[in-house]
>>> print(open('coords28.cif').read())   # mmCIF, C-alpha atoms
data_final
#
loop_
_atom_site.label_atom_id
_atom_site.label_comp_id
_atom_site.auth_asym_id
_atom_site.auth_seq_id
_atom_site.Cartn_x
_atom_site.Cartn_y
_atom_site.Cartn_z
CA MET A 78 -3.68 -9.01 64.22
CA VAL A 79 -0.23 -9.89 62.90
CA SER A 80 0.49 -12.38 60.12
CA TYR A 81 3.38 -14.71 59.37
CA SER A 82 5.06 -15.85 56.17
CA VAL A 83 6.75 -19.23 56.68
CA PRO A 84 9.05 -21.39 54.53
CA SER A 85 7.45 -24.28 52.67
CA ASP A 86 8.63 -27.87 52.94
CA PHE A 87 6.17 -28.73 50.13
CA CYS A 88 4.37 -31.32 52.24
CA SER A 89 0.58 -31.28 52.33
CA ASN A 90 0.55 -32.55 55.91
CA THR A 91 2.48 -29.47 57.06
CA LEU A 92 -0.13 -27.24 55.42
CA LYS A 93 -2.84 -29.19 57.20
CA LYS A 94 -1.18 -28.56 60.56
CA LEU A 95 -0.66 -24.88 59.76
CA ASN A 96 -4.35 -24.63 58.93
CA GLU A 97 -5.18 -26.23 62.29
CA ILE A 98 -2.93 -23.69 64.03
CA ASN A 99 -4.79 -20.91 62.21
CA GLY A 100 -8.00 -22.29 63.67
CA LEU A 101 -6.80 -21.68 67.22
CA LYS A 102 -7.40 -18.43 69.05
CA SER A 103 -4.07 -16.62 69.05
CA LYS A 104 -2.46 -13.25 68.47
CA GLY A 105 -1.77 -13.87 64.79
CA PHE A 106 -2.07 -16.26 61.87
CA ILE A 107 -0.09 -17.85 59.02
CA SER A 108 -0.92 -15.92 55.87
CA GLU A 109 1.38 -17.63 53.40
CA VAL A 110 4.09 -20.17 52.71
CA TYR A 111 6.90 -19.48 50.27
CA GLY A 112 9.36 -21.40 48.12
CA GLN A 113 10.36 -22.34 44.58
CA VAL A 114 11.03 -25.16 42.14
CA THR A 115 14.59 -26.44 41.76
CA GLU A 116 14.52 -27.47 38.10
CA GLY A 117 14.78 -25.47 34.90
CA THR A 118 16.54 -22.30 33.74
CA PHE A 119 15.26 -19.76 36.24
CA ILE A 120 16.02 -21.34 39.61
CA ALA A 121 18.44 -18.75 40.97
CA SER A 122 17.25 -17.18 44.22
CA GLY A 123 18.46 -15.97 47.58
CA ARG A 124 19.28 -19.56 48.52
CA MET A 125 21.39 -22.13 46.74
CA PRO A 126 18.97 -24.53 44.96
CA SER A 127 20.92 -27.64 45.98
CA LEU A 128 20.18 -26.90 49.66
CA LEU A 129 16.42 -26.49 49.20
CA PRO A 130 13.63 -29.08 49.11
CA GLN A 131 13.86 -30.53 45.59
CA VAL A 132 10.65 -29.62 43.78
CA THR A 133 9.54 -30.08 40.17
CA MET A 134 6.90 -28.03 38.38
CA LYS A 135 4.49 -30.95 38.63
CA GLN A 136 5.07 -31.29 42.37
CA LEU A 137 4.52 -27.55 42.78
CA GLU A 138 1.22 -27.80 40.92
CA VAL A 139 0.02 -30.56 43.25
CA TYR A 140 1.20 -28.59 46.30
CA LEU A 141 -0.72 -25.50 45.20
CA GLU A 142 -3.92 -27.52 45.30
CA SER A 143 -3.21 -28.25 48.96
CA CYS A 144 -2.61 -24.54 49.57
CA LYS A 145 -6.08 -23.82 48.20
CA LYS A 146 -7.58 -26.63 50.26
CA TYR A 147 -6.12 -25.30 53.51
CA ASN A 148 -6.63 -21.62 52.64
CA ILE A 149 -2.96 -20.63 52.85
CA LYS A 150 -1.48 -18.47 50.10
CA PHE A 151 1.72 -19.38 48.26
CA ASN A 152 4.45 -16.88 47.47
CA TYR A 153 6.97 -17.83 44.79
CA THR A 154 10.58 -16.75 45.46
CA LEU A 155 12.45 -15.29 42.48
CA ASN A 156 14.78 -13.22 44.63
CA ALA A 157 18.27 -13.76 43.23
CA SER A 158 20.51 -10.70 43.55
CA CYS A 159 21.89 -11.57 40.12
CA MET A 160 20.63 -13.76 37.26
CA SER A 161 23.64 -13.28 34.96
CA ASN A 162 21.39 -10.98 32.89
CA LYS A 163 19.25 -13.96 31.89
CA GLU A 164 16.19 -11.92 32.84
CA LEU A 165 17.10 -9.64 29.90
CA ILE A 166 18.82 -11.97 27.45
CA HIS A 167 16.21 -14.73 27.75
CA ILE A 168 13.18 -12.52 28.29
CA LYS A 169 10.91 -14.70 26.13
CA GLU A 170 11.74 -17.85 28.10
CA LEU A 171 11.38 -15.96 31.38
CA LYS A 172 7.92 -14.73 30.46
CA GLN A 173 6.94 -18.26 29.49
CA PHE A 174 8.10 -19.52 32.89
CA ILE A 175 6.20 -16.81 34.76
CA SER A 176 3.15 -17.57 32.62
CA GLU A 177 3.30 -21.24 33.63
CA LEU A 178 3.43 -20.25 37.31
CA TYR A 179 0.52 -17.85 36.81
CA GLN A 180 -1.56 -20.54 35.11
CA MET A 181 -0.95 -22.78 38.13
CA GLY A 182 -2.57 -20.11 40.27
CA ILE A 183 0.43 -18.24 41.68
CA ARG A 184 -0.39 -14.57 42.30
CA SER A 185 2.44 -13.55 44.60
CA PHE A 186 6.20 -13.31 44.00
CA THR A 187 9.18 -12.27 46.10
CA VAL A 188 11.65 -10.49 43.83
CA THR A 189 14.95 -8.62 44.13
CA LEU A 190 15.79 -7.38 40.62
CA PRO A 191 13.89 -4.28 39.39
CA THR A 192 14.06 -5.67 35.84
CA LEU A 193 12.19 -8.76 36.97
CA MET A 194 9.66 -6.70 38.91
CA ASP A 195 8.92 -4.66 35.78
CA THR A 196 8.60 -7.80 33.66
CA ILE A 197 6.04 -9.38 35.98
CA LYS A 198 4.10 -6.13 36.36
CA SER A 199 3.96 -5.72 32.57
CA MET A 200 2.39 -9.16 32.23
CA TYR A 201 -0.33 -9.15 34.91
CA ASP A 202 -2.34 -6.62 36.90
CA ASP A 203 -3.50 -9.06 39.57
CA VAL A 204 -0.08 -10.24 40.75
CA GLU A 205 1.39 -9.07 44.06
CA ILE A 206 5.13 -8.39 44.17
CA LYS A 207 7.05 -8.42 47.43
CA ALA A 208 10.46 -6.73 47.42
CA SER A 209 13.00 -9.08 48.99
CA ALA A 210 15.18 -8.24 51.99
CA ILE A 211 18.05 -8.51 49.50
CA CYS A 212 16.85 -5.15 48.08
CA GLU A 213 18.25 -3.69 51.32
CA ILE A 214 15.33 -1.34 51.97
CA ASN A 215 16.70 0.57 54.95
CA SER A 216 15.17 4.05 54.74
CA PRO A 217 11.82 5.75 54.15
CA GLU A 218 13.25 7.20 50.92
CA LYS A 219 13.99 3.75 49.53
CA ALA A 220 10.63 2.40 50.70
CA SER A 221 8.93 5.30 48.91
CA TYR A 222 10.71 4.38 45.68
CA TYR A 223 9.34 0.84 45.80
CA LYS A 224 5.86 2.13 46.58
CA GLU A 225 6.02 4.35 43.50
CA MET A 226 7.06 1.28 41.50
CA GLY A 227 3.78 -0.35 42.48
CA ILE A 228 5.29 -2.96 44.80
CA SER A 229 2.69 -4.42 47.17
CA ARG A 230 4.95 -5.47 50.04
CA ILE A 231 8.52 -4.93 51.17
CA VAL A 232 10.79 -6.93 53.46
CA VAL A 233 13.04 -4.45 55.23
CA GLU A 234 16.81 -4.75 55.51
CA PRO A 235 17.56 -6.85 58.62
CA ASP A 236 20.28 -4.44 59.77
CA ILE A 237 17.60 -1.91 60.82
CA THR A 238 15.71 -4.44 62.96
CA ARG A 239 16.40 -2.40 66.12
CA LYS A 240 16.13 1.03 64.50
CA PHE A 241 12.54 1.67 65.54
CA ASP A 242 12.51 5.28 64.39
CA ILE A 243 13.46 4.26 60.84
CA LEU A 244 11.04 1.33 60.83
CA GLU A 245 8.19 3.58 61.94
CA LYS A 246 8.98 6.12 59.22
CA ILE A 247 9.05 3.33 56.61
CA CYS A 248 5.61 2.21 57.79
CA LYS A 249 4.28 5.76 57.49
CA VAL A 250 5.66 6.10 53.96
CA PHE A 251 4.78 2.66 52.63
CA GLY A 252 1.66 1.89 54.66
CA ASP A 253 0.45 -1.67 55.08
CA GLY A 254 2.73 -4.30 53.62
CA VAL A 255 5.93 -3.73 55.58
CA GLU A 256 7.42 -7.07 56.60
CA ILE A 257 10.40 -7.96 58.79
CA ILE A 258 12.37 -11.17 59.32
CA VAL A 259 12.26 -12.52 62.88
CA ASN A 260 15.05 -15.12 62.77
CA ASN A 261 17.76 -13.52 60.67
CA MET A 262 21.17 -15.03 61.41
CA CYS A 263 23.28 -12.34 59.76
CA LEU A 264 25.67 -10.31 61.86
CA LYS A 265 24.71 -6.64 61.81
CA GLY A 266 26.87 -4.76 59.32
CA CYS A 267 28.40 -7.93 57.90
CA PRO A 268 30.96 -6.94 55.21
CA TYR A 269 30.42 -10.23 53.35
CA LYS A 270 26.63 -10.13 53.05
CA MET A 271 26.30 -8.54 49.61
CA PHE A 272 28.86 -10.95 48.17
CA HIS A 273 27.24 -13.91 49.92
CA TYR A 274 23.92 -13.01 48.25
CA ASN A 275 25.61 -13.09 44.85
CA PHE A 276 27.35 -16.35 45.68
CA GLU A 277 24.01 -17.97 46.53
CA SER A 278 22.41 -16.54 43.38
CA HIS A 279 24.99 -18.24 41.17
CA GLY A 280 24.83 -21.48 43.13
CA GLU A 281 23.20 -23.48 40.33
CA GLN A 282 26.32 -22.94 38.21
CA MET A 283 28.59 -24.71 40.70
CA LYS A 284 29.31 -28.40 40.27
CA GLU A 285 30.98 -28.51 43.67
CA HIS A 286 29.52 -26.63 46.61
CA SER A 287 31.79 -24.18 48.43
CA ASN A 288 31.14 -22.98 51.97
CA TYR A 289 33.49 -19.99 51.83
CA TYR A 290 30.98 -17.30 52.83
CA TYR A 291 29.15 -19.53 55.27
CA HIS A 292 32.44 -20.23 57.01
CA LYS A 293 33.29 -16.52 57.05
CA CYS A 294 29.91 -15.85 58.63
CA SER A 295 30.46 -18.48 61.32
CA LEU A 296 33.98 -17.22 61.95
CA GLN A 297 32.70 -13.71 62.61
CA LYS A 298 30.12 -14.92 65.11
CA ALA A 299 32.85 -16.79 66.98
CA ASN A 300 35.11 -13.75 67.00
CA LYS A 301 33.53 -12.05 70.01
CA ALA A 302 31.24 -13.26 72.77
CA TYR A 303 28.59 -10.60 72.17
CA ASN A 304 28.22 -11.23 68.43
CA TYR A 305 25.32 -13.65 68.91
CA ILE A 306 23.47 -10.93 70.80
CA LYS A 307 24.12 -8.53 67.90
CA LEU A 308 22.40 -10.78 65.36
CA ASN A 309 19.26 -9.26 63.83
CA TRP A 310 16.74 -11.45 65.65
CA ILE A 311 13.30 -10.70 67.06
CA ARG A 312 12.12 -12.80 70.00
CA PRO A 313 8.48 -13.92 70.22
CA GLU A 314 8.16 -11.80 73.37
CA ASP A 315 9.06 -8.64 71.44
CA ILE A 316 6.65 -8.94 68.51
CA TYR A 317 4.26 -6.47 70.15
CA ARG A 318 6.89 -3.73 70.01
CA TYR A 319 7.01 -4.01 66.23
CA SER A 320 3.26 -4.20 65.75
CA SER A 321 2.92 -1.05 67.88
CA ILE A 322 4.83 0.99 65.26
CA GLY A 323 2.88 -0.39 62.31
CA ILE A 324 4.58 -3.64 61.30
CA LYS A 325 1.92 -6.34 61.02
CA SER A 326 3.72 -8.88 58.82
CA PHE A 327 6.57 -11.09 59.99
CA LYS A 328 8.70 -13.56 58.07
CA ILE A 329 10.32 -16.74 59.32
CA GLN A 330 13.29 -17.58 57.12
CA GLY A 331 14.67 -21.08 56.56
CA ARG A 332 13.79 -22.43 53.13
CA ASN A 333 16.49 -25.06 53.51
CA ASN A 334 14.44 -26.62 56.31
CA LYS A 335 12.78 -29.86 55.24
CA ASN A 336 11.09 -30.74 58.51
CA GLY A 337 7.54 -29.46 58.76
CA ASP A 338 7.32 -30.27 62.47
CA ASN A 339 10.06 -27.71 63.15
CA ILE A 340 8.17 -25.06 61.19
CA ASN A 341 5.02 -25.80 63.19
CA LYS A 342 6.88 -25.53 66.50
CA ILE A 343 8.48 -22.22 65.61
CA ILE A 344 5.27 -20.59 64.43
CA GLN A 345 3.41 -21.64 67.57
CA TYR A 346 6.01 -19.97 69.79
CA TYR A 347 5.71 -16.76 67.80
CA LEU A 348 1.93 -16.85 67.86
CA GLU A 349 2.05 -17.37 71.63
CA GLU A 350 4.68 -14.61 71.89
CA SER A 351 6.67 -16.64 74.39
CA PHE A 352 9.51 -19.16 74.28
CA ASP A 353 11.39 -20.75 77.17
CA GLY A 354 14.52 -22.31 75.70
CA ASN A 355 17.57 -21.72 73.52
CA LEU A 356 17.17 -18.65 71.32
CA LEU A 357 19.33 -20.28 68.65
CA ASP A 358 16.76 -23.08 68.31
CA LEU A 359 14.30 -20.46 67.10
CA LEU A 360 16.79 -18.85 64.75
CA THR A 361 17.84 -22.14 63.16
CA LEU A 362 14.42 -23.85 63.20
CA PHE A 363 15.75 -26.44 65.66
CA THR A 364 18.41 -27.48 63.13
CA PRO A 365 21.84 -26.20 64.30
CA TYR A 366 24.03 -24.80 61.53
CA ASN A 367 27.20 -26.18 63.13
CA SER A 368 28.60 -27.86 66.24
CA PHE A 369 29.79 -24.65 67.87
CA GLN A 370 26.53 -22.93 68.70
CA PRO A 371 26.07 -21.96 72.37
CA TYR A 372 22.96 -22.12 74.52
CA ILE A 373 21.33 -18.69 74.78
CA ASP A 374 18.63 -18.54 77.45
CA ASN A 375 15.85 -16.67 75.67
CA LYS A 376 14.08 -15.62 78.87
CA LYS A 377 17.30 -14.03 80.17
CA LEU A 378 17.00 -11.57 77.27
CA ASP A 379 13.83 -10.02 78.69
CA GLY A 380 14.28 -6.26 78.65
CA PHE A 381 17.15 -6.29 76.16
CA LEU A 382 15.17 -4.53 73.44
CA GLU A 383 13.71 -1.73 75.59
CA PRO A 384 16.52 0.86 75.25
CA PHE A 385 16.48 0.44 71.46
CA TYR A 386 12.72 1.02 71.45
CA GLN A 387 12.77 3.98 73.84
CA ASN A 388 15.81 5.83 72.46
CA LYS A 389 16.55 6.04 68.73
CA ASP A 390 20.16 7.00 69.46
CA PHE A 391 20.80 4.23 71.98
CA CYS A 392 22.99 2.08 69.71
CA THR A 393 26.13 3.98 68.74
CA GLY A 394 27.76 1.04 66.97
CA LEU A 395 30.82 1.42 69.22
CA CYS A 396 30.52 -2.09 70.60
CA ASP A 397 33.92 -2.39 72.26
CA THR A 398 33.23 0.62 74.49
CA CYS A 399 29.45 0.28 74.99
CA LEU A 400 29.41 -3.31 76.32
CA TYR A 401 25.58 -3.40 76.52
CA CYS A 402 25.37 -6.52 74.33
CA MET A 403 28.28 -8.05 76.23
CA ASP A 404 26.39 -7.64 79.51
CA TYR A 405 23.44 -9.55 78.05
CA ALA A 406 25.80 -12.17 76.63
CA LYS A 407 27.05 -12.79 80.17
CA LYS A 408 23.50 -12.86 81.48
CA SER A 409 22.09 -15.28 78.89
CA MET A 410 25.06 -17.56 78.14
CA ASP A 411 27.75 -19.52 79.95
CA VAL A 412 30.58 -17.25 78.83
CA SER A 413 33.35 -19.68 79.78
CA GLU A 414 31.70 -22.41 77.70
CA LEU A 415 31.16 -19.90 74.90
CA LYS A 416 34.83 -18.96 74.95
CA THR A 417 35.80 -22.61 74.51
CA LEU A 418 33.27 -23.11 71.70
CA ASN A 419 34.49 -19.97 69.96
CA GLN A 420 38.10 -21.12 70.18
CA TYR A 421 37.21 -24.46 68.57
CA ALA A 422 35.12 -22.69 65.93
CA THR A 423 37.90 -20.26 65.08
CA GLN A 424 40.46 -23.03 64.73
CA PHE A 425 38.12 -25.09 62.56
CA TYR A 426 36.94 -22.35 60.20
CA GLU A 427 40.37 -20.81 59.73
CA LYS A 428 41.65 -24.23 58.71
CA VAL A 429 38.84 -25.25 56.33
CA ASN A 430 38.41 -21.83 54.73
CA ARG A 431 41.89 -21.47 53.28
CA LEU A 432 41.74 -20.70 49.56
CA ASP A 433 44.61 -22.91 48.44
#
>>> encode(input="coords28.cif", output="structure tokens")
Amino acid sequence: MVSYSVPSDFCSNTLKKLNEINGLKSKGFISEVYGQVTEGTFIASGRMPSLLPQVTMKQLEVYLESCKKYNIKFNYTLNASCMSNKELIHIKELKQFISELYQMGIRSFTVTLPTLMDTIKSMYDDVEIKASAICEINSPEKASYYKEMGISRIVVEPDITRKFDILEKICKVFGDGVEIIVNNMCLKGCPYKMFHYNFESHGEQMKEHSNYYYHKCSLQKANKAYNYIKLNWIRPEDIYRYSSIGIKSFKIQGRNNKNGDNINKIIQYYLEESFDGNLLDLLTLFTPYNSFQPYIDNKKLDGFLEPFYQNKDFCTGLCDTCLYCMDYAKKSMDVSELKTLNQYATQFYEKVNRLD
């Protein structure tokens, strides 16, 4: 049976509903929720704190009691790609912070920095560390390194989502504990991704929020009609393909989501392994990122994944000559409408993203 890690909105009622969903007969279950506090010194993570549900240490403590009540684990996210070396300079304060979380009952962390992994491991033997997707684990060699470090779980690099041969090898090397994101919105091979991670990690230092990298991301998606098809998503209907090669853990991203009802809807579709609607609703947790997103008929994407699964060399990366993704773009979207939306998006983002 597969399990899901879902973003927390820090509402007890959402946990109650997730527990009820777990009580139903389905093909999987919710194993954990994840999130962080947004106050204090060590709040840097893979998401800008100002965009997350605002949570104090006291509120977290109360929420953890609800997690125990509804038998859903909590994973604390400490997955910044950079902490300005605070994890080394302020090691005493960092250990105190981790100790406070431990005393609350937290036994699971998602981490990016090896220094932070080593710090946590040196403090406790009964704490599980999950290596973040930001670690860019994209090969069996890299997965083996994290296993030797004593890491319990790894979230693989989204860019290998359709590289089934590599994913299967990672599972063989690492064993249980390989996790993959189902609703990643990053364009495969995005040249801005590493820098965007760092931008988000330093977000708490910014008095005024900048959308530079977000706009660059949106501009790329609007650049070509097939780019939405190239995103690193996994449809509910295709979960079985991943479980067949050894991946039993799936992650729904979206910590900026503050609507528990949306989380509940998404997880039910994935547990049912079927969704009849707009694929982008799944990817964005029914909260569109902008006004230029097209309608992608999820059911029209049936069969799209099969060549990737059957042939490890199917994707050459030569998109302008292959046209496979373009064919599915035409099949699942109104291409004329998409062209208009992309023109508006390009005009808008080129205008607002000028660094004057």
>>> resolve_selection(input="coords28.cif", expression="the PyMOL selection byres ((chain A and resi 274) around 10)", output="number ranges by chain")
A: 122-125, 156-159, 211, 269-273, 275-280, 290
>>> write_last_selection(input="coords28.cif", atoms="C-alpha atoms", output="CSV table (one decimal), in the coordinates of the input")
chain,number,residue,atom,x,y,z
A,122,SER,CA,17.2,-17.2,44.2
A,123,GLY,CA,18.5,-16.0,47.6
A,124,ARG,CA,19.3,-19.6,48.5
A,125,MET,CA,21.4,-22.1,46.7
A,156,ASN,CA,14.8,-13.2,44.6
A,157,ALA,CA,18.3,-13.8,43.2
A,158,SER,CA,20.5,-10.7,43.6
A,159,CYS,CA,21.9,-11.6,40.1
A,211,ILE,CA,18.0,-8.5,49.5
A,269,TYR,CA,30.4,-10.2,53.4
A,270,LYS,CA,26.6,-10.1,53.0
A,271,MET,CA,26.3,-8.5,49.6
A,272,PHE,CA,28.9,-11.0,48.2
A,273,HIS,CA,27.2,-13.9,49.9
A,275,ASN,CA,25.6,-13.1,44.8
A,276,PHE,CA,27.4,-16.4,45.7
A,277,GLU,CA,24.0,-18.0,46.5
A,278,SER,CA,22.4,-16.5,43.4
A,279,HIS,CA,25.0,-18.2,41.2
A,280,GLY,CA,24.8,-21.5,43.1
A,290,TYR,CA,31.0,-17.3,52.8
>>> closest_residue(input="coords28.cif", among="A:Ile237, A:Val83, A:Ile306, A:Leu171", to="Cys402 of chain A", atoms="only C-alpha atoms")
A:Ile306
>>> residues_near_point(input="coords28.cif", point="(11.3, -21.7, 61.2)", cutoff="10 Å", atoms="all atoms listed in the file", output="ChimeraX atom specification")
/A:82-85,259-260,328-334,336-344,347,358-364
>>> closest_residue(input="coords28.cif", among="A:Gly100, A:Pro130, A:Pro217, A:Pro235", to="Trp310 of chain A", atoms="all atoms listed in the file")
A:Pro235
>>> resolve_selection(input="coords28.cif", expression="the PyMOL selection byres ((chain A and resi 238-244) around 8)", output="JSON list (two decimals) with C-alpha atoms, in the coordinates of the input")
[["chain", "number", "residue", "atom", "x", "y", "z"],
["A", 215, "ASN", "CA", 16.70, 0.57, 54.95],
["A", 216, "SER", "CA", 15.17, 4.05, 54.74],
["A", 217, "PRO", "CA", 11.82, 5.75, 54.15],
["A", 234, "GLU", "CA", 16.81, -4.75, 55.51],
["A", 235, "PRO", "CA", 17.56, -6.85, 58.62],
["A", 236, "ASP", "CA", 20.28, -4.44, 59.77],
["A", 237, "ILE", "CA", 17.60, -1.91, 60.82],
["A", 245, "GLU", "CA", 8.19, 3.58, 61.94],
["A", 246, "LYS", "CA", 8.98, 6.12, 59.22],
["A", 247, "ILE", "CA", 9.05, 3.33, 56.61],
["A", 248, "CYS", "CA", 5.61, 2.21, 57.79],
["A", 257, "ILE", "CA", 10.40, -7.96, 58.79],
["A", 309, "ASN", "CA", 19.26, -9.26, 63.83],
["A", 310, "TRP", "CA", 16.74, -11.45, 65.65],
["A", 311, "ILE", "CA", 13.30, -10.70, 67.06],
["A", 319, "TYR", "CA", 7.01, -4.01, 66.23],
["A", 322, "ILE", "CA", 4.83, 0.99, 65.26],
["A", 382, "LEU", "CA", 15.17, -4.53, 73.44],
["A", 385, "PHE", "CA", 16.48, 0.44, 71.46],
["A", 386, "TYR", "CA", 12.72, 1.02, 71.45],
["A", 389, "LYS", "CA", 16.55, 6.04, 68.73]]
>>> build_atoms(input="coords28.cif", residues="segment 154-165 of chain A", atoms="N, CA and C atoms", output="PDB file, in the coordinates of the input")
ATOM      1  N   THR A 154       9.341 -17.514  45.284  1.00  0.00           N
ATOM      2  CA  THR A 154      10.580 -16.750  45.460  1.00  0.00           C
ATOM      3  C   THR A 154      11.404 -16.746  44.174  1.00  0.00           C
ATOM      4  N   LEU A 155      11.576 -15.542  43.633  1.00  0.00           N
ATOM      5  CA  LEU A 155      12.450 -15.290  42.480  1.00  0.00           C
ATOM      6  C   LEU A 155      13.415 -14.173  42.871  1.00  0.00           C
ATOM      7  N   ASN A 156      14.066 -14.347  44.026  1.00  0.00           N
ATOM      8  CA  ASN A 156      14.780 -13.220  44.630  1.00  0.00           C
ATOM      9  C   ASN A 156      16.295 -13.306  44.555  1.00  0.00           C
ATOM     10  N   ALA A 157      16.823 -13.782  43.433  1.00  0.00           N
ATOM     11  CA  ALA A 157      18.270 -13.760  43.230  1.00  0.00           C
ATOM     12  C   ALA A 157      18.748 -12.308  43.142  1.00  0.00           C
ATOM     13  N   SER A 158      19.932 -12.039  43.683  1.00  0.00           N
ATOM     14  CA  SER A 158      20.510 -10.700  43.550  1.00  0.00           C
ATOM     15  C   SER A 158      21.120 -10.510  42.170  1.00  0.00           C
ATOM     16  N   CYS A 159      21.344 -11.619  41.474  1.00  0.00           N
ATOM     17  CA  CYS A 159      21.890 -11.570  40.120  1.00  0.00           C
ATOM     18  C   CYS A 159      21.439 -12.814  39.362  1.00  0.00           C
ATOM     19  N   MET A 160      21.042 -12.636  38.109  1.00  0.00           N
ATOM     20  CA  MET A 160      20.630 -13.760  37.260  1.00  0.00           C
ATOM     21  C   MET A 160      21.491 -13.830  36.001  1.00  0.00           C
ATOM     22  N   SER A 161      22.706 -13.285  36.100  1.00  0.00           N
ATOM     23  CA  SER A 161      23.640 -13.280  34.960  1.00  0.00           C
ATOM     24  C   SER A 161      23.006 -12.625  33.729  1.00  0.00           C
ATOM     25  N   ASN A 162      22.111 -11.689  33.955  1.00  0.00           N
ATOM     26  CA  ASN A 162      21.390 -10.980  32.890  1.00  0.00           C
ATOM     27  C   ASN A 162      20.452 -11.870  32.085  1.00  0.00           C
ATOM     28  N   LYS A 163      20.180 -13.070  32.599  1.00  0.00           N
ATOM     29  CA  LYS A 163      19.250 -13.960  31.890  1.00  0.00           C
ATOM     30  C   LYS A 163      17.848 -13.366  31.836  1.00  0.00           C
ATOM     31  N   GLU A 164      17.524 -12.527  32.830  1.00  0.00           N
ATOM     32  CA  GLU A 164      16.190 -11.920  32.840  1.00  0.00           C
ATOM     33  C   GLU A 164      16.026 -10.921  31.698  1.00  0.00           C
ATOM     34  N   LEU A 165      17.142 -10.535  31.056  1.00  0.00           N
ATOM     35  CA  LEU A 165      17.100  -9.640  29.900  1.00  0.00           C
ATOM     36  C   LEU A 165      17.398 -10.380  28.598  1.00  0.00           C
TER      37      LEU A 165
END
